[in-house]
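Participant: Next comes work-v3.tsv, TSV, C-alpha atoms and all ligand atoms:
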chain	number	residue	atom	x	y	z
C	634	MET	CA	-16.66	12.91	-5.12
C	635	ARG	CA	-15.79	12.50	-1.43
C	636	GLU	CA	-12.17	12.17	-0.47
C	637	GLY	CA	-11.09	8.54	-0.31
C	638	GLN	CA	-14.13	7.44	-2.28
C	639	ARG	CA	-13.33	4.68	-4.76
C	640	ARG	CA	-14.30	4.97	-8.39
C	641	VAL	CA	-15.60	1.99	-10.35
C	642	LEU	CA	-16.25	1.93	-14.08
C	643	VAL	CA	-19.00	-0.53	-15.04
C	644	VAL	CA	-18.91	-1.61	-18.69
C	645	GLU	CA	-21.97	-3.64	-19.69
C	646	ASP	CA	-24.24	-3.36	-22.73
C	647	GLU	CA	-27.22	-5.00	-21.02
C	648	LEU	CA	-28.71	-1.90	-19.42
C	649	THR	CA	-30.69	-3.64	-16.67
C	650	ILE	CA	-27.58	-5.49	-15.48
C	651	ALA	CA	-25.47	-2.31	-15.73
C	652	GLU	CA	-28.01	-0.33	-13.71
C	653	SER	CA	-28.37	-2.94	-10.98
C	654	ILE	CA	-24.59	-3.26	-10.56
C	655	ALA	CA	-24.28	0.54	-10.44
C	656	ALA	CA	-27.10	0.87	-7.90
C	657	ARG	CA	-25.57	-1.72	-5.58
C	658	LEU	CA	-22.07	-0.24	-5.76
C	659	ARG	CA	-23.37	3.30	-5.22
C	660	ALA	CA	-25.33	2.08	-2.19
C	661	GLU	CA	-22.04	0.74	-0.83
C	662	GLY	CA	-20.35	4.12	-1.22
C	663	TYR	CA	-18.59	3.83	-4.57
C	664	GLU	CA	-18.57	6.50	-7.24
C	665	VAL	CA	-19.78	4.68	-10.37
C	666	ASP	CA	-19.42	5.53	-14.05
C	667	LEU	CA	-21.07	3.55	-16.83
C	668	ALA	CA	-20.11	2.67	-20.39
C	669	HIS	CA	-22.06	0.42	-22.76
C	670	ASP	CA	-19.64	-0.42	-25.57
C	671	GLY	CA	-15.93	-1.04	-26.14
C	672	PRO	CA	-14.75	2.32	-27.53
C	673	SER	CA	-16.64	4.46	-24.99
C	674	ALA	CA	-15.32	2.21	-22.18
C	675	VAL	CA	-11.73	2.99	-23.18
C	676	ASP	CA	-12.48	6.74	-23.45
C	677	LYS	CA	-14.23	6.75	-20.08
C	678	ALA	CA	-11.39	4.84	-18.39
C	679	VAL	CA	-8.84	7.35	-19.65
C	680	GLN	CA	-11.05	10.26	-18.61
C	681	VAL	CA	-12.10	9.18	-15.06
C	682	GLN	CA	-9.10	6.99	-14.05
C	683	PRO	CA	-11.18	4.40	-12.17
C	684	ASP	CA	-9.81	2.37	-9.24
C	685	LEU	CA	-11.41	-0.76	-10.73
C	686	ILE	CA	-13.31	-1.82	-13.86
C	687	VAL	CA	-16.21	-4.27	-13.98
C	688	LEU	CA	-16.00	-5.37	-17.60
C	689	ASP	CA	-18.43	-7.46	-19.64
C	690	LEU	CA	-16.70	-9.66	-22.23
C	691	MET	CA	-19.15	-9.38	-25.13
C	692	LEU	CA	-19.66	-5.73	-26.04
C	693	PRO	CA	-20.60	-3.75	-29.14
C	694	GLY	CA	-17.71	-2.05	-30.92
C	695	PHE	CA	-14.91	-4.24	-29.64
C	696	ASP	CA	-14.92	-6.80	-26.85
C	697	GLY	CA	-13.78	-6.77	-23.24
C	698	LEU	CA	-10.40	-8.30	-24.12
C	699	GLU	CA	-9.61	-5.36	-26.36
C	700	VAL	CA	-10.86	-2.89	-23.73
C	701	CYS	CA	-8.59	-4.61	-21.19
C	702	ARG	CA	-5.58	-4.39	-23.49
C	703	ARG	CA	-6.10	-0.73	-24.37
C	704	VAL	CA	-6.81	0.41	-20.82
C	705	GLN	CA	-3.93	-1.58	-19.29
C	706	ALA	CA	-1.59	0.00	-21.84
C	707	HIS	CA	-2.23	3.38	-20.14
C	708	ARG	CA	-1.99	2.28	-16.52
C	709	PRO	CA	-2.52	-0.91	-14.51
C	710	VAL	CA	-6.06	-1.09	-13.17
C	711	PRO	CA	-7.78	-4.11	-11.58
C	712	VAL	CA	-10.41	-5.73	-13.81
C	713	LEU	CA	-13.33	-7.96	-12.82
C	714	MET	CA	-14.46	-9.64	-16.05
C	715	LEU	CA	-18.07	-10.75	-16.63
C	716	THR	CA	-18.76	-13.63	-19.00
C	717	ALA	CA	-21.95	-15.21	-20.29
C	718	ARG	CA	-20.83	-18.84	-19.95
C	719	ASP	CA	-18.45	-21.00	-17.92
C	720	ASP	CA	-16.54	-22.08	-21.02
C	721	GLU	CA	-15.78	-18.44	-21.85
C	722	THR	CA	-14.27	-18.04	-18.39
C	723	ASP	CA	-12.17	-21.19	-18.94
C	724	LEU	CA	-10.95	-19.77	-22.22
C	725	LEU	CA	-10.02	-16.41	-20.66
C	726	VAL	CA	-8.23	-18.01	-17.72
C	727	GLY	CA	-6.28	-20.08	-20.24
C	728	LEU	CA	-5.39	-16.99	-22.25
C	729	ALA	CA	-4.18	-15.22	-19.10
C	730	VAL	CA	-5.67	-11.90	-20.20
C	731	GLY	CA	-5.12	-8.97	-17.88
C	732	ALA	CA	-8.20	-9.58	-15.74
C	733	ASP	CA	-7.82	-10.13	-12.01
C	734	ASP	CA	-11.07	-11.95	-11.40
C	735	TYR	CA	-13.97	-13.44	-13.37
C	736	MET	CA	-17.67	-13.99	-12.80
C	737	THR	CA	-20.04	-16.03	-14.95
C	738	LYS	CA	-23.60	-14.79	-15.57
C	739	PRO	CA	-26.02	-15.05	-13.93
C	740	PHE	CA	-24.32	-13.89	-10.73
C	741	SER	CA	-25.65	-12.35	-7.55
C	742	ILE	CA	-25.11	-8.60	-7.29
C	743	ARG	CA	-24.16	-9.08	-3.66
C	744	GLU	CA	-21.40	-11.53	-4.67
C	745	LEU	CA	-20.18	-9.08	-7.29
C	746	ALA	CA	-19.95	-6.29	-4.70
C	747	ALA	CA	-18.01	-8.66	-2.40
C	748	ARG	CA	-15.55	-9.44	-5.21
C	749	VAL	CA	-15.10	-5.70	-5.90
C	750	HIS	CA	-14.27	-5.06	-2.22
C	751	ALA	CA	-11.86	-8.00	-2.14
C	752	LEU	CA	-10.07	-6.90	-5.28
C	753	LEU	CA	-9.61	-3.33	-4.03
C	754	ARG	CA	-8.38	-4.58	-0.64
C	755	ARG	CA	-5.85	-6.76	-2.42
C	756	VAL	CA	-4.58	-3.81	-4.46
C	757	ASP	CA	-4.38	-1.58	-1.36
C	758	ARG	CA	-2.41	-4.21	0.50
C	759	SER	CA	0.04	-4.63	-2.35
C	760	GLN	CA	0.53	-0.87	-2.53
C	761	ARG	CA	1.87	-0.69	1.00
C	762	PRO	CA	5.38	0.49	0.33
C	763	GLY	CA	8.42	-1.63	1.15
C	764	SER	CA	11.95	-1.59	-0.09
C	765	THR	CA	13.11	-2.64	-3.54
C	766	ILE	CA	13.74	-6.37	-3.98
C	767	VAL	CA	16.73	-7.26	-6.14
C	768	LEU	CA	17.23	-10.90	-7.13
C	769	GLY	CA	19.89	-11.31	-9.79
C	770	ASP	CA	18.71	-9.35	-12.82
C	771	LEU	CA	15.18	-9.04	-11.44
C	772	GLU	CA	14.20	-5.80	-9.70
C	773	ILE	CA	10.87	-5.23	-7.96
C	774	ASP	CA	10.06	-1.75	-6.68
C	775	PRO	CA	6.96	-1.93	-4.45
C	776	VAL	CA	6.70	1.87	-4.06
C	777	GLU	CA	6.59	2.67	-7.75
C	778	ARG	CA	5.17	-0.79	-8.53
C	779	ARG	CA	7.76	-1.26	-11.26
C	780	VAL	CA	9.38	-4.50	-12.31
C	781	ARG	CA	12.47	-4.82	-14.46
C	782	ARG	CA	14.26	-7.85	-15.78
C	783	ALA	CA	17.79	-7.25	-17.13
C	784	GLY	CA	16.93	-3.56	-17.12
C	785	GLU	CA	13.83	-4.03	-19.28
C	786	PRO	CA	10.57	-2.82	-17.71
C	787	ALA	CA	7.67	-5.32	-17.60
C	788	HIS	CA	4.06	-4.18	-17.47
C	789	LEU	CA	2.21	-6.28	-14.92
C	790	THR	CA	-1.41	-6.14	-13.82
C	791	PRO	CA	-1.95	-5.44	-10.09
C	792	THR	CA	-2.56	-9.13	-9.37
C	793	GLU	CA	0.46	-10.27	-11.37
C	794	PHE	CA	2.54	-7.76	-9.44
C	795	GLU	CA	1.35	-9.04	-6.10
C	796	LEU	CA	1.88	-12.66	-7.08
C	797	LEU	CA	5.45	-11.92	-8.16
C	798	ALA	CA	6.19	-9.88	-5.03
C	799	HIS	CA	4.79	-12.69	-2.89
C	800	LEU	CA	7.02	-15.34	-4.50
C	801	ALA	CA	10.00	-12.98	-4.42
C	802	SER	CA	9.61	-12.40	-0.68
C	803	LYS	CA	10.78	-16.02	-0.19
C	804	PRO	CA	12.98	-16.83	-3.15
C	805	ARG	CA	13.45	-20.55	-3.96
C	806	ALA	CA	10.78	-21.54	-1.42
C	807	VAL	CA	7.95	-23.62	-2.86
C	808	VAL	CA	4.63	-21.91	-2.19
C	809	PRO	CA	1.56	-24.14	-2.55
C	810	ARG	CA	-1.02	-23.00	-5.09
C	811	GLU	CA	-3.77	-23.12	-2.46
C	812	ARG	CA	-1.79	-20.76	-0.25
C	813	LEU	CA	-1.23	-18.31	-3.09
C	814	LEU	CA	-4.93	-18.47	-3.84
C	815	SER	CA	-5.94	-17.69	-0.27
C	816	GLU	CA	-3.27	-15.07	0.44
C	817	ILE	CA	-3.50	-13.14	-2.82
C	818	TRP	CA	-7.05	-13.72	-4.00
C	819	GLY	CA	-8.64	-14.33	-0.61
C	820	TRP	CA	-10.32	-17.46	-2.00
C	821	THR	CA	-10.51	-20.84	-0.32
C	822	ASP	CA	-12.04	-22.88	-3.18
C	823	PRO	CA	-9.29	-25.35	-4.21
C	824	ALA	CA	-11.02	-25.75	-7.60
C	825	ALA	CA	-9.96	-22.19	-8.39
C	826	THR	CA	-6.21	-22.88	-8.38
C	827	ARG	CA	-6.19	-22.70	-12.21
C	828	THR	CA	-6.52	-18.95	-11.67
C	829	VAL	CA	-3.08	-19.07	-10.04
C	830	ASP	CA	-1.75	-21.11	-13.00
C	831	SER	CA	-3.01	-18.57	-15.53
C	832	HIS	CA	-1.34	-15.68	-13.70
C	833	ILE	CA	1.92	-17.63	-13.44
C	834	LYS	CA	1.70	-18.21	-17.18
C	835	ALA	CA	1.32	-14.46	-17.73
C	836	LEU	CA	4.32	-13.72	-15.50
C	837	ARG	CA	6.44	-16.19	-17.45
C	838	ARG	CA	5.35	-14.65	-20.72
C	839	LYS	CA	6.25	-11.15	-19.50
C	840	LEU	CA	9.41	-11.93	-17.52
C	841	GLY	CA	10.87	-15.10	-19.00
C	842	ALA	CA	9.95	-18.78	-18.64
C	843	ASP	CA	12.98	-19.53	-16.44
C	844	LEU	CA	11.91	-17.26	-13.58
C	845	ILE	CA	9.25	-19.41	-11.92
C	846	ARG	CA	9.65	-23.11	-11.33
C	847	THR	CA	6.63	-25.45	-11.25
C	848	VAL	CA	6.76	-28.05	-8.51
C	849	HIS	CA	4.23	-30.55	-9.80
C	850	GLY	CA	1.38	-31.31	-7.46
C	851	VAL	CA	2.54	-28.64	-5.00
C	852	GLY	CA	3.03	-25.13	-6.26
C	853	TYR	CA	5.53	-22.60	-7.50
C	854	ALA	CA	8.92	-21.24	-6.54
C	855	LEU	CA	10.78	-18.18	-7.75
C	856	GLU	CA	14.24	-19.00	-9.04
C	857	VAL	CA	16.93	-16.43	-8.46
C	858	PRO	CA	17.99	-15.33	-11.94
C	859	LYS	CA	21.63	-14.81	-12.81
Z	901	CA	CA	-22.67	-8.21	-23.27
In structure tokens, write the structure found in this file.
Ligand code: CA

Facilitator:
Amino acid sequence: MREGQRRVLVVEDELTIAESIAARLRAEGYEVDLAHDGPSAVDKAVQVQPDLIVLDLMLPGFDGLEVCRRVQAHRPVPVLMLTARDDETDLLVGLAVGADDYMTKPFSIRELAARVHALLRRVDRSQRPGSTIVLGDLEIDPVERRVRRAGEPAHLTPTEFELLAHLASKPRAVVPRERLLSEIWGWTDPAATRTVDSHIKALRRKLGADLIRTVHGVGYALEVPK
């Protein structure tokens, strides 16, 4: 593997789809590993430590949600989830599982590669070190990418981390959902703002419901906890 080369794990039981994703990503310079069921995906992720996982939802063994849970328990890694139908994507967004982006089949391989680039760029940007942010009992360490509330560590996905850090950079200020969507996800489709909502929901679940205030019809603001 060349230095600086990014490693993507593609988990998909439909072999033709898996192979065409792998071929496209390899052509764009990525190192690609493949897995075709839930258990081997988890093993492979632990073994190769990918920079990103492209993860099909319906898999033999156990499904993509379980893969996501088990892999994220080891270390945070960005996940692009593939689903067979729009309503599955709606369900996942509602559940706020630890995926950073979703695509519904059939999708264009070119679009998938663009989403992979965007996701990795987003993670790189959020890993640029800064100094620790302390707001009341909330502590955000951008170098170690650790978050604590009242001394208790919280395990955030890369996107959740960036969303929190973004809100925390201007505490109490109301940030419109559309702006969060364009600055963190790089998307401009206003219909996609429910993605922001699902990540806010996950942050509240992990850090406490009082931390982020909803300003109806506008966006979100981080409250300074006591
Ligand atoms: Ca499948």

Participant: Name the closest residue to Gly697 of chain C among the candidates C:Glu777, C:Asp770, C:Asp646, C:Glu816; distances are taken between atoms, counting all atoms listed in the file.

Facilitator: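 Closest candidate: C:Asp646.
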
Participant: List as a list in words the protein and nucleic acid residues lying within 7 Å of ligand CA 901 (chain Z), with all atoms listed in the file counted.

Facilitator: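 Residues lying within 7 Å of ligand CA 901 (chain Z): Glu645, Asp646, Glu647, Asp689, Leu690, Met691 and Leu692 of chain C.
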
Participant: What's the separation between atom CA of Arg708 of chain C and atom CA of Gly819 of chain C, in Å to one decimal place?

Facilitator: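 Computed distance, atom CA of Arg708 of chain C to atom CA of Gly819 of chain C, equals 23.9 Å.
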
Participant: Compute the distance from (8.6, -26.4, -9.3) to each atom, counting all atoms listed in the file, keep the residues with any atom at most 12 Å away, and return them as an MDAnalysis selection string; use the coordinates of the file.

Facilitator: chainID C and resid 805:810 833 843:856

Participant: What is the atom CA of Ala706 of chain C-atom CA of Leu796 of chain C distance in Å, reported with one decimal?

Facilitator: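 Atom CA of Leu796 of chain C lies 19.8 Å from atom CA of Ala706 of chain C.
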
Participant: Check which residues of segment 726-822 of chain C sit at most 12 Å from segment 661-680 of chain C using all atoms listed in the file, and return one row each with the closest pair of atoms and their distance in Å to one decimal, ordered by chain and rising number, as CSV.

Facilitator:
residue,atom,partner,partner_atom,distance
C:Ile742,CA,C:Glu661,CA,11.8
C:Arg743,CA,C:Glu661,CA,10.4
C:Leu745,CA,C:Glu661,CA,11.9
C:Ala746,CA,C:Glu661,CA,8.3
C:Ala747,CA,C:Glu661,CA,10.3
C:Val749,CA,C:Tyr663,CA,10.2
C:His750,CA,C:Glu661,CA,9.8
C:Leu753,CA,C:Tyr663,CA,11.5

Participant: Atom CA of Leu658 of chain C and atom CA of Thr790 of chain C are how many Å apart?

Facilitator: 22.9 Å

Participant: Applying 12 Å and only C-alpha atoms, which residues near segment 824-829 of chain C remain after dropping the ones on its own chain fewer than 3 positions away? List them as a ChimeraX atom specification.

Facilitator: /C:722-735,792-793,795-797,808-821,832-836,847,850-853

Participant: Quick one: of C:Thr716, C:Val780, C:Thr737, C:Ala655, who's nearest to Asp696 of chain C, counting all atoms listed in the file?

Facilitator: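 Comparing C:Thr716, C:Val780, C:Thr737, C:Ala655 against Asp696 of chain C, the winner is C:Thr716.
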
Participant: Which is closer to Pro683 of chain C than all the others in C:Glu699, C:Ala651, C:Val644, C:Ala717, using all atoms listed in the file?

Facilitator: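 For Pro683 of chain C, the nearest of the candidates is C:Val644.
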
Participant: Smallest atom-to-atom distance to Pro791 of chain C: which of C:Gln638, C:Gln682, C:Thr649, C:Gln705, using only C-alpha atoms?

Facilitator: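 So, comparing all the options, the nearest one is C:Gln705.
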
Participant: From the set C:Gly637, C:Pro693, C:Glu721, C:Glu744, which residue has the shortest atom-to-atom contact distance to Arg657 of chain C, counting only C-alpha atoms?

Facilitator: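 Selected residue with least distance to Arg657 of chain C: C:Glu744.
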
Participant: Residues near Gly784 of chain C, anyone? I mean within 12 Å using all atoms listed in the file, not counting same-chain ones fewer than 5 positions away, as a list in words.

Facilitator: Val767, Gly769, Asp770, Leu771, Glu772, Ile773, Arg779 and Leu840 of chain C

Participant: Convert the current residue selection to file output with C-alpha atoms, as a PDB file, in the frame of the given file.

Facilitator:
ATOM      1  CA  VAL C 767      16.730  -7.260  -6.140  1.00  0.00           C
ATOM      2  CA  GLY C 769      19.890 -11.310  -9.790  1.00  0.00           C
ATOM      3  CA  ASP C 770      18.710  -9.350 -12.820  1.00  0.00           C
ATOM      4  CA  LEU C 771      15.180  -9.040 -11.440  1.00  0.00           C
ATOM      5  CA  GLU C 772      14.200  -5.800  -9.700  1.00  0.00           C
ATOM      6  CA  ILE C 773      10.870  -5.230  -7.960  1.00  0.00           C
ATOM      7  CA  ARG C 779       7.760  -1.260 -11.260  1.00  0.00           C
ATOM      8  CA  LEU C 840       9.410 -11.930 -17.520  1.00  0.00           C
TER       9      LEU C 840
END
